[in-house]
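Peer 1: Structure provided below as structure tokens; questions to follow.
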Amino acid sequence: MAKKLVIKVTAGADAPERCSQAFTVAAVAVASGVDVSVWLTGESAWFALPGRAAEFELPHAAPLPDLIDSVLAAGRLTLCTQCAARRDITEQDVIEGVRIAGAQVFVQEALAEDAQALVY
């Protein structure tokens, strides 16, 4: 098993099952002791803002705020630089613990030794 898991979430409320699957996998990996890095891109970028995850609903799925809290407690949550800029989101806007970084950092994490990258 990879010691590091890098998950890129491209879906938000526009594809709720895919979005929920990404965060569920991330939370399970964190609970299993895996070093997890979740990247918010595309429509998932909105979940970097306070209160936005609470608006997300999917029957029979864990609440998105709980899953995000799990990632923030023991992993990393990163908002894509370009995705943030396209939505006028700044570092002052995001929830505590979210960083904003670009493709270079994502590539570095995804290609690290013992890393597994997943895209949802």
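Chain labels follow the order of the structure tokens: the first chain is A, the next B, and so on; residue numbering restarts at 1 in every chain, and ligands are counted from 1 in their shown order.
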Do you know which residues are at most 7 Å from region 96-101 of chain A counting only C-alpha atoms, after dropping those on the same chain fewer than 6 positions away, and could you put them as a list in words?
Peer 2: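 Contacts, with the query itself left out: Ala48, Leu72, Leu77, Thr78, Leu79, Cys80 and Thr81 of chain A.
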Peer 1: If you run DSSP on the backbone, which residues of chain A are alpha helix (DSSP H), as a PyMOL selection string?
Peer 2: chain A and resi 16-31+64-74+81-86+103-110
Peer 1: Output C-alpha atoms of each residue in that selection to a file, as a tab-separated table (two decimals), in the first residue's frame.
Peer 2:
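After the write, result-v8.tsv holds the following:
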chain	number	residue	atom	x	y	z
A	16	PRO	CA	-22.35	14.66	-5.81
A	17	GLU	CA	-21.59	10.93	-5.79
A	18	ARG	CA	-18.13	11.39	-7.26
A	19	CYS	CA	-17.45	14.23	-4.84
A	20	SER	CA	-18.59	12.24	-1.83
A	21	GLN	CA	-16.57	9.20	-2.90
A	22	ALA	CA	-13.39	11.29	-3.02
A	23	PHE	CA	-13.85	12.70	0.47
A	24	THR	CA	-14.96	9.34	1.87
A	25	VAL	CA	-11.84	7.63	0.52
A	26	ALA	CA	-9.70	10.45	1.92
A	27	ALA	CA	-11.28	10.22	5.39
A	28	VAL	CA	-10.93	6.42	5.49
A	29	ALA	CA	-7.29	6.70	4.45
A	30	VAL	CA	-6.61	9.29	7.14
A	31	ALA	CA	-8.28	7.04	9.73
A	64	LEU	CA	-19.26	16.44	3.94
A	65	PRO	CA	-18.24	18.79	6.79
A	66	ASP	CA	-17.31	15.74	8.90
A	67	LEU	CA	-15.22	14.26	6.10
A	68	ILE	CA	-13.43	17.56	5.52
A	69	ASP	CA	-12.77	17.90	9.26
A	70	SER	CA	-11.17	14.43	9.22
A	71	VAL	CA	-8.85	15.43	6.41
A	72	LEU	CA	-7.94	18.71	8.09
A	73	ALA	CA	-7.25	16.96	11.40
A	74	ALA	CA	-4.56	14.64	10.07
A	81	THR	CA	-4.42	28.35	-7.32
A	82	GLN	CA	-6.10	28.79	-10.71
A	83	CYS	CA	-9.43	27.43	-9.46
A	84	ALA	CA	-9.33	29.89	-6.56
A	85	ALA	CA	-8.49	32.79	-8.85
A	86	ARG	CA	-11.33	31.95	-11.27
A	103	ALA	CA	0.06	22.50	-10.29
A	104	GLN	CA	3.79	22.33	-9.53
A	105	VAL	CA	3.06	21.36	-5.92
A	106	PHE	CA	0.42	18.85	-7.01
A	107	VAL	CA	2.83	17.18	-9.44
A	108	GLN	CA	5.54	17.09	-6.79
A	109	GLU	CA	3.19	15.38	-4.31
A	110	ALA	CA	1.71	12.97	-6.87
Peer 1: So, with only C-alpha atoms as the atoms that count, which of A:Asp93, A:Asp88, A:Asp114, A:Glu43 lies closest to Val6 (chain A)?
Peer 2: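 Counting only C-alpha atoms, the residue closest to Val6 (chain A) is A:Asp114.
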Peer 1: Do a neighbour search on Leu40 (chain A) at 6 Å with only C-alpha atoms, toss out local chain neighbours closer than 2 positions, and write the hits as a PyMOL selection string.
Peer 2: chain A and resi 9+44-45+79
Peer 1: If you keep N, CA, C and O atoms, can you produce a file of those selected residues as a short mmCIF file (atom, residue, chain, number, x, y, z; two decimals), in the first residue's frame?
Peer 2:
data_model
loop_
_atom_site.label_atom_id
_atom_site.label_comp_id
_atom_site.auth_asym_id
_atom_site.auth_seq_id
_atom_site.Cartn_x
_atom_site.Cartn_y
_atom_site.Cartn_z
N VAL A 9 -9.93 16.25 -6.25
CA VAL A 9 -11.39 16.25 -6.34
C VAL A 9 -11.78 17.31 -7.36
O VAL A 9 -11.56 18.49 -7.14
N SER A 44 -15.27 21.58 -6.83
CA SER A 44 -15.01 21.29 -5.41
C SER A 44 -14.29 22.45 -4.73
O SER A 44 -14.23 22.51 -3.51
N ALA A 45 -13.78 23.39 -5.51
CA ALA A 45 -13.09 24.56 -4.94
C ALA A 45 -13.97 25.30 -3.94
O ALA A 45 -13.47 25.87 -2.96
N LEU A 79 -6.35 24.04 -2.03
CA LEU A 79 -7.18 24.61 -3.08
C LEU A 79 -6.27 25.02 -4.24
O LEU A 79 -5.28 25.71 -4.04
#
Peer 1: In Å, with one decimal, what is the gap from CA of Arg76 (chain A) to CA of His60 (chain A)?
Peer 2: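 Computing it gives 25.4 Å between the two atoms.
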Peer 1: For Gln116 (chain A), please output as a PDB file with all heavy atoms, in the first residue's frame all residues within 9 Å (counting only C-alpha atoms; exclusion window: fewer than 4 positions along the same chain).
Peer 2:
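The result, written out as selection-v6.pdb:
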ATOM      1  N   MET A   1       0.839  -1.184   0.000  1.00  0.00           N
ATOM      2  CA  MET A   1       0.000   0.000   0.000  1.00  0.00           C
ATOM      3  C   MET A   1       0.884   1.247   0.000  1.00  0.00           C
ATOM      4  O   MET A   1       1.909   1.287   0.664  1.00  0.00           O
ATOM      5  CB  MET A   1      -0.896   0.007   1.241  1.00  0.00           C
ATOM      6  CG  MET A   1      -1.755   1.259   1.307  1.00  0.00           C
ATOM      7  SD  MET A   1      -2.529   1.626   2.876  1.00  0.00           S
ATOM      8  CE  MET A   1      -3.716   0.352   3.023  1.00  0.00           C
ATOM      9  N   ALA A   2       0.464   2.241  -0.746  1.00  0.00           N
ATOM     10  CA  ALA A   2       1.205   3.499  -0.770  1.00  0.00           C
ATOM     11  C   ALA A   2       1.142   4.149   0.599  1.00  0.00           C
ATOM     12  O   ALA A   2       0.142   4.078   1.296  1.00  0.00           O
ATOM     13  CB  ALA A   2       0.622   4.425  -1.822  1.00  0.00           C
ATOM     14  N   LYS A   3       2.234   4.785   0.986  1.00  0.00           N
ATOM     15  CA  LYS A   3       2.265   5.468   2.269  1.00  0.00           C
ATOM     16  C   LYS A   3       1.682   6.862   2.164  1.00  0.00           C
ATOM     17  O   LYS A   3       1.348   7.476   3.154  1.00  0.00           O
ATOM     18  CB  LYS A   3       3.693   5.533   2.778  1.00  0.00           C
ATOM     19  CG  LYS A   3       4.253   4.162   3.080  1.00  0.00           C
ATOM     20  CD  LYS A   3       5.656   4.250   3.584  1.00  0.00           C
ATOM     21  CE  LYS A   3       6.126   2.834   3.855  1.00  0.00           C
ATOM     22  NZ  LYS A   3       7.542   2.701   3.785  1.00  0.00           N
ATOM     23  N   LYS A   4       1.561   7.378   0.941  1.00  0.00           N
ATOM     24  CA  LYS A   4       1.010   8.708   0.711  1.00  0.00           C
ATOM     25  C   LYS A   4      -0.102   8.590  -0.316  1.00  0.00           C
ATOM     26  O   LYS A   4       0.038   7.904  -1.318  1.00  0.00           O
ATOM     27  CB  LYS A   4       2.089   9.652   0.180  1.00  0.00           C
ATOM     28  CG  LYS A   4       3.253   9.825   1.116  1.00  0.00           C
ATOM     29  CD  LYS A   4       4.365  10.608   0.447  1.00  0.00           C
ATOM     30  CE  LYS A   4       5.613  10.555   1.310  1.00  0.00           C
ATOM     31  NZ  LYS A   4       6.788  11.030   0.601  1.00  0.00           N
ATOM     32  N   LEU A   5      -1.206   9.263  -0.054  1.00  0.00           N
ATOM     33  CA  LEU A   5      -2.325   9.250  -0.985  1.00  0.00           C
ATOM     34  C   LEU A   5      -2.665  10.693  -1.348  1.00  0.00           C
ATOM     35  O   LEU A   5      -2.925  11.509  -0.465  1.00  0.00           O
ATOM     36  CB  LEU A   5      -3.540   8.565  -0.363  1.00  0.00           C
ATOM     37  CG  LEU A   5      -4.766   8.406  -1.245  1.00  0.00           C
ATOM     38  CD1 LEU A   5      -4.454   7.588  -2.502  1.00  0.00           C
ATOM     39  CD2 LEU A   5      -5.903   7.751  -0.460  1.00  0.00           C
ATOM     40  N   VAL A   6      -2.617  10.995  -2.635  1.00  0.00           N
ATOM     41  CA  VAL A   6      -2.935  12.322  -3.143  1.00  0.00           C
ATOM     42  C   VAL A   6      -4.239  12.185  -3.929  1.00  0.00           C
ATOM     43  O   VAL A   6      -4.315  11.416  -4.885  1.00  0.00           O
ATOM     44  CB  VAL A   6      -1.816  12.859  -4.053  1.00  0.00           C
ATOM     45  CG1 VAL A   6      -2.153  14.261  -4.547  1.00  0.00           C
ATOM     46  CG2 VAL A   6      -0.479  12.852  -3.320  1.00  0.00           C
ATOM     47  N   ILE A   7      -5.262  12.926  -3.483  1.00  0.00           N
ATOM     48  CA  ILE A   7      -6.575  12.834  -4.113  1.00  0.00           C
ATOM     49  C   ILE A   7      -6.946  14.188  -4.696  1.00  0.00           C
ATOM     50  O   ILE A   7      -6.986  15.182  -3.968  1.00  0.00           O
ATOM     51  CB  ILE A   7      -7.649  12.387  -3.101  1.00  0.00           C
ATOM     52  CG1 ILE A   7      -7.298  11.003  -2.548  1.00  0.00           C
ATOM     53  CG2 ILE A   7      -9.033  12.391  -3.752  1.00  0.00           C
ATOM     54  CD1 ILE A   7      -8.228  10.522  -1.457  1.00  0.00           C
ATOM     55  N   ALA A 110       2.198  14.165  -6.173  1.00  0.00           N
ATOM     56  CA  ALA A 110       1.711  12.974  -6.869  1.00  0.00           C
ATOM     57  C   ALA A 110       2.842  12.062  -7.328  1.00  0.00           C
ATOM     58  O   ALA A 110       2.663  10.843  -7.416  1.00  0.00           O
ATOM     59  CB  ALA A 110       0.854  13.387  -8.061  1.00  0.00           C
ATOM     60  N   LEU A 111       4.017  12.640  -7.617  1.00  0.00           N
ATOM     61  CA  LEU A 111       5.142  11.842  -8.101  1.00  0.00           C
ATOM     62  C   LEU A 111       6.134  11.466  -7.006  1.00  0.00           C
ATOM     63  O   LEU A 111       7.165  10.855  -7.296  1.00  0.00           O
ATOM     64  CB  LEU A 111       5.865  12.593  -9.223  1.00  0.00           C
ATOM     65  CG  LEU A 111       5.037  12.805 -10.492  1.00  0.00           C
ATOM     66  CD1 LEU A 111       5.844  13.584 -11.518  1.00  0.00           C
ATOM     67  CD2 LEU A 111       4.540  11.490 -11.061  1.00  0.00           C
ATOM     68  N   ALA A 112       5.817  11.807  -5.766  1.00  0.00           N
ATOM     69  CA  ALA A 112       6.705  11.463  -4.660  1.00  0.00           C
ATOM     70  C   ALA A 112       6.807   9.942  -4.511  1.00  0.00           C
ATOM     71  O   ALA A 112       5.881   9.197  -4.871  1.00  0.00           O
ATOM     72  CB  ALA A 112       6.199  12.076  -3.358  1.00  0.00           C
TER      73      ALA A 112
END
Peer 1: Which residue is closest to Gly75 (chain A)? Choose from A:Val38, A:Leu49, A:Ala61, A:Ile95 and count only C-alpha atoms.
Peer 2: A:Val38
Peer 1: Would you compute the distance between CA of Arg87 (chain A) and CA of Glu57 (chain A)? Give it in Å to one decimal.
Peer 2: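 A separation of 21.7 Å between them.
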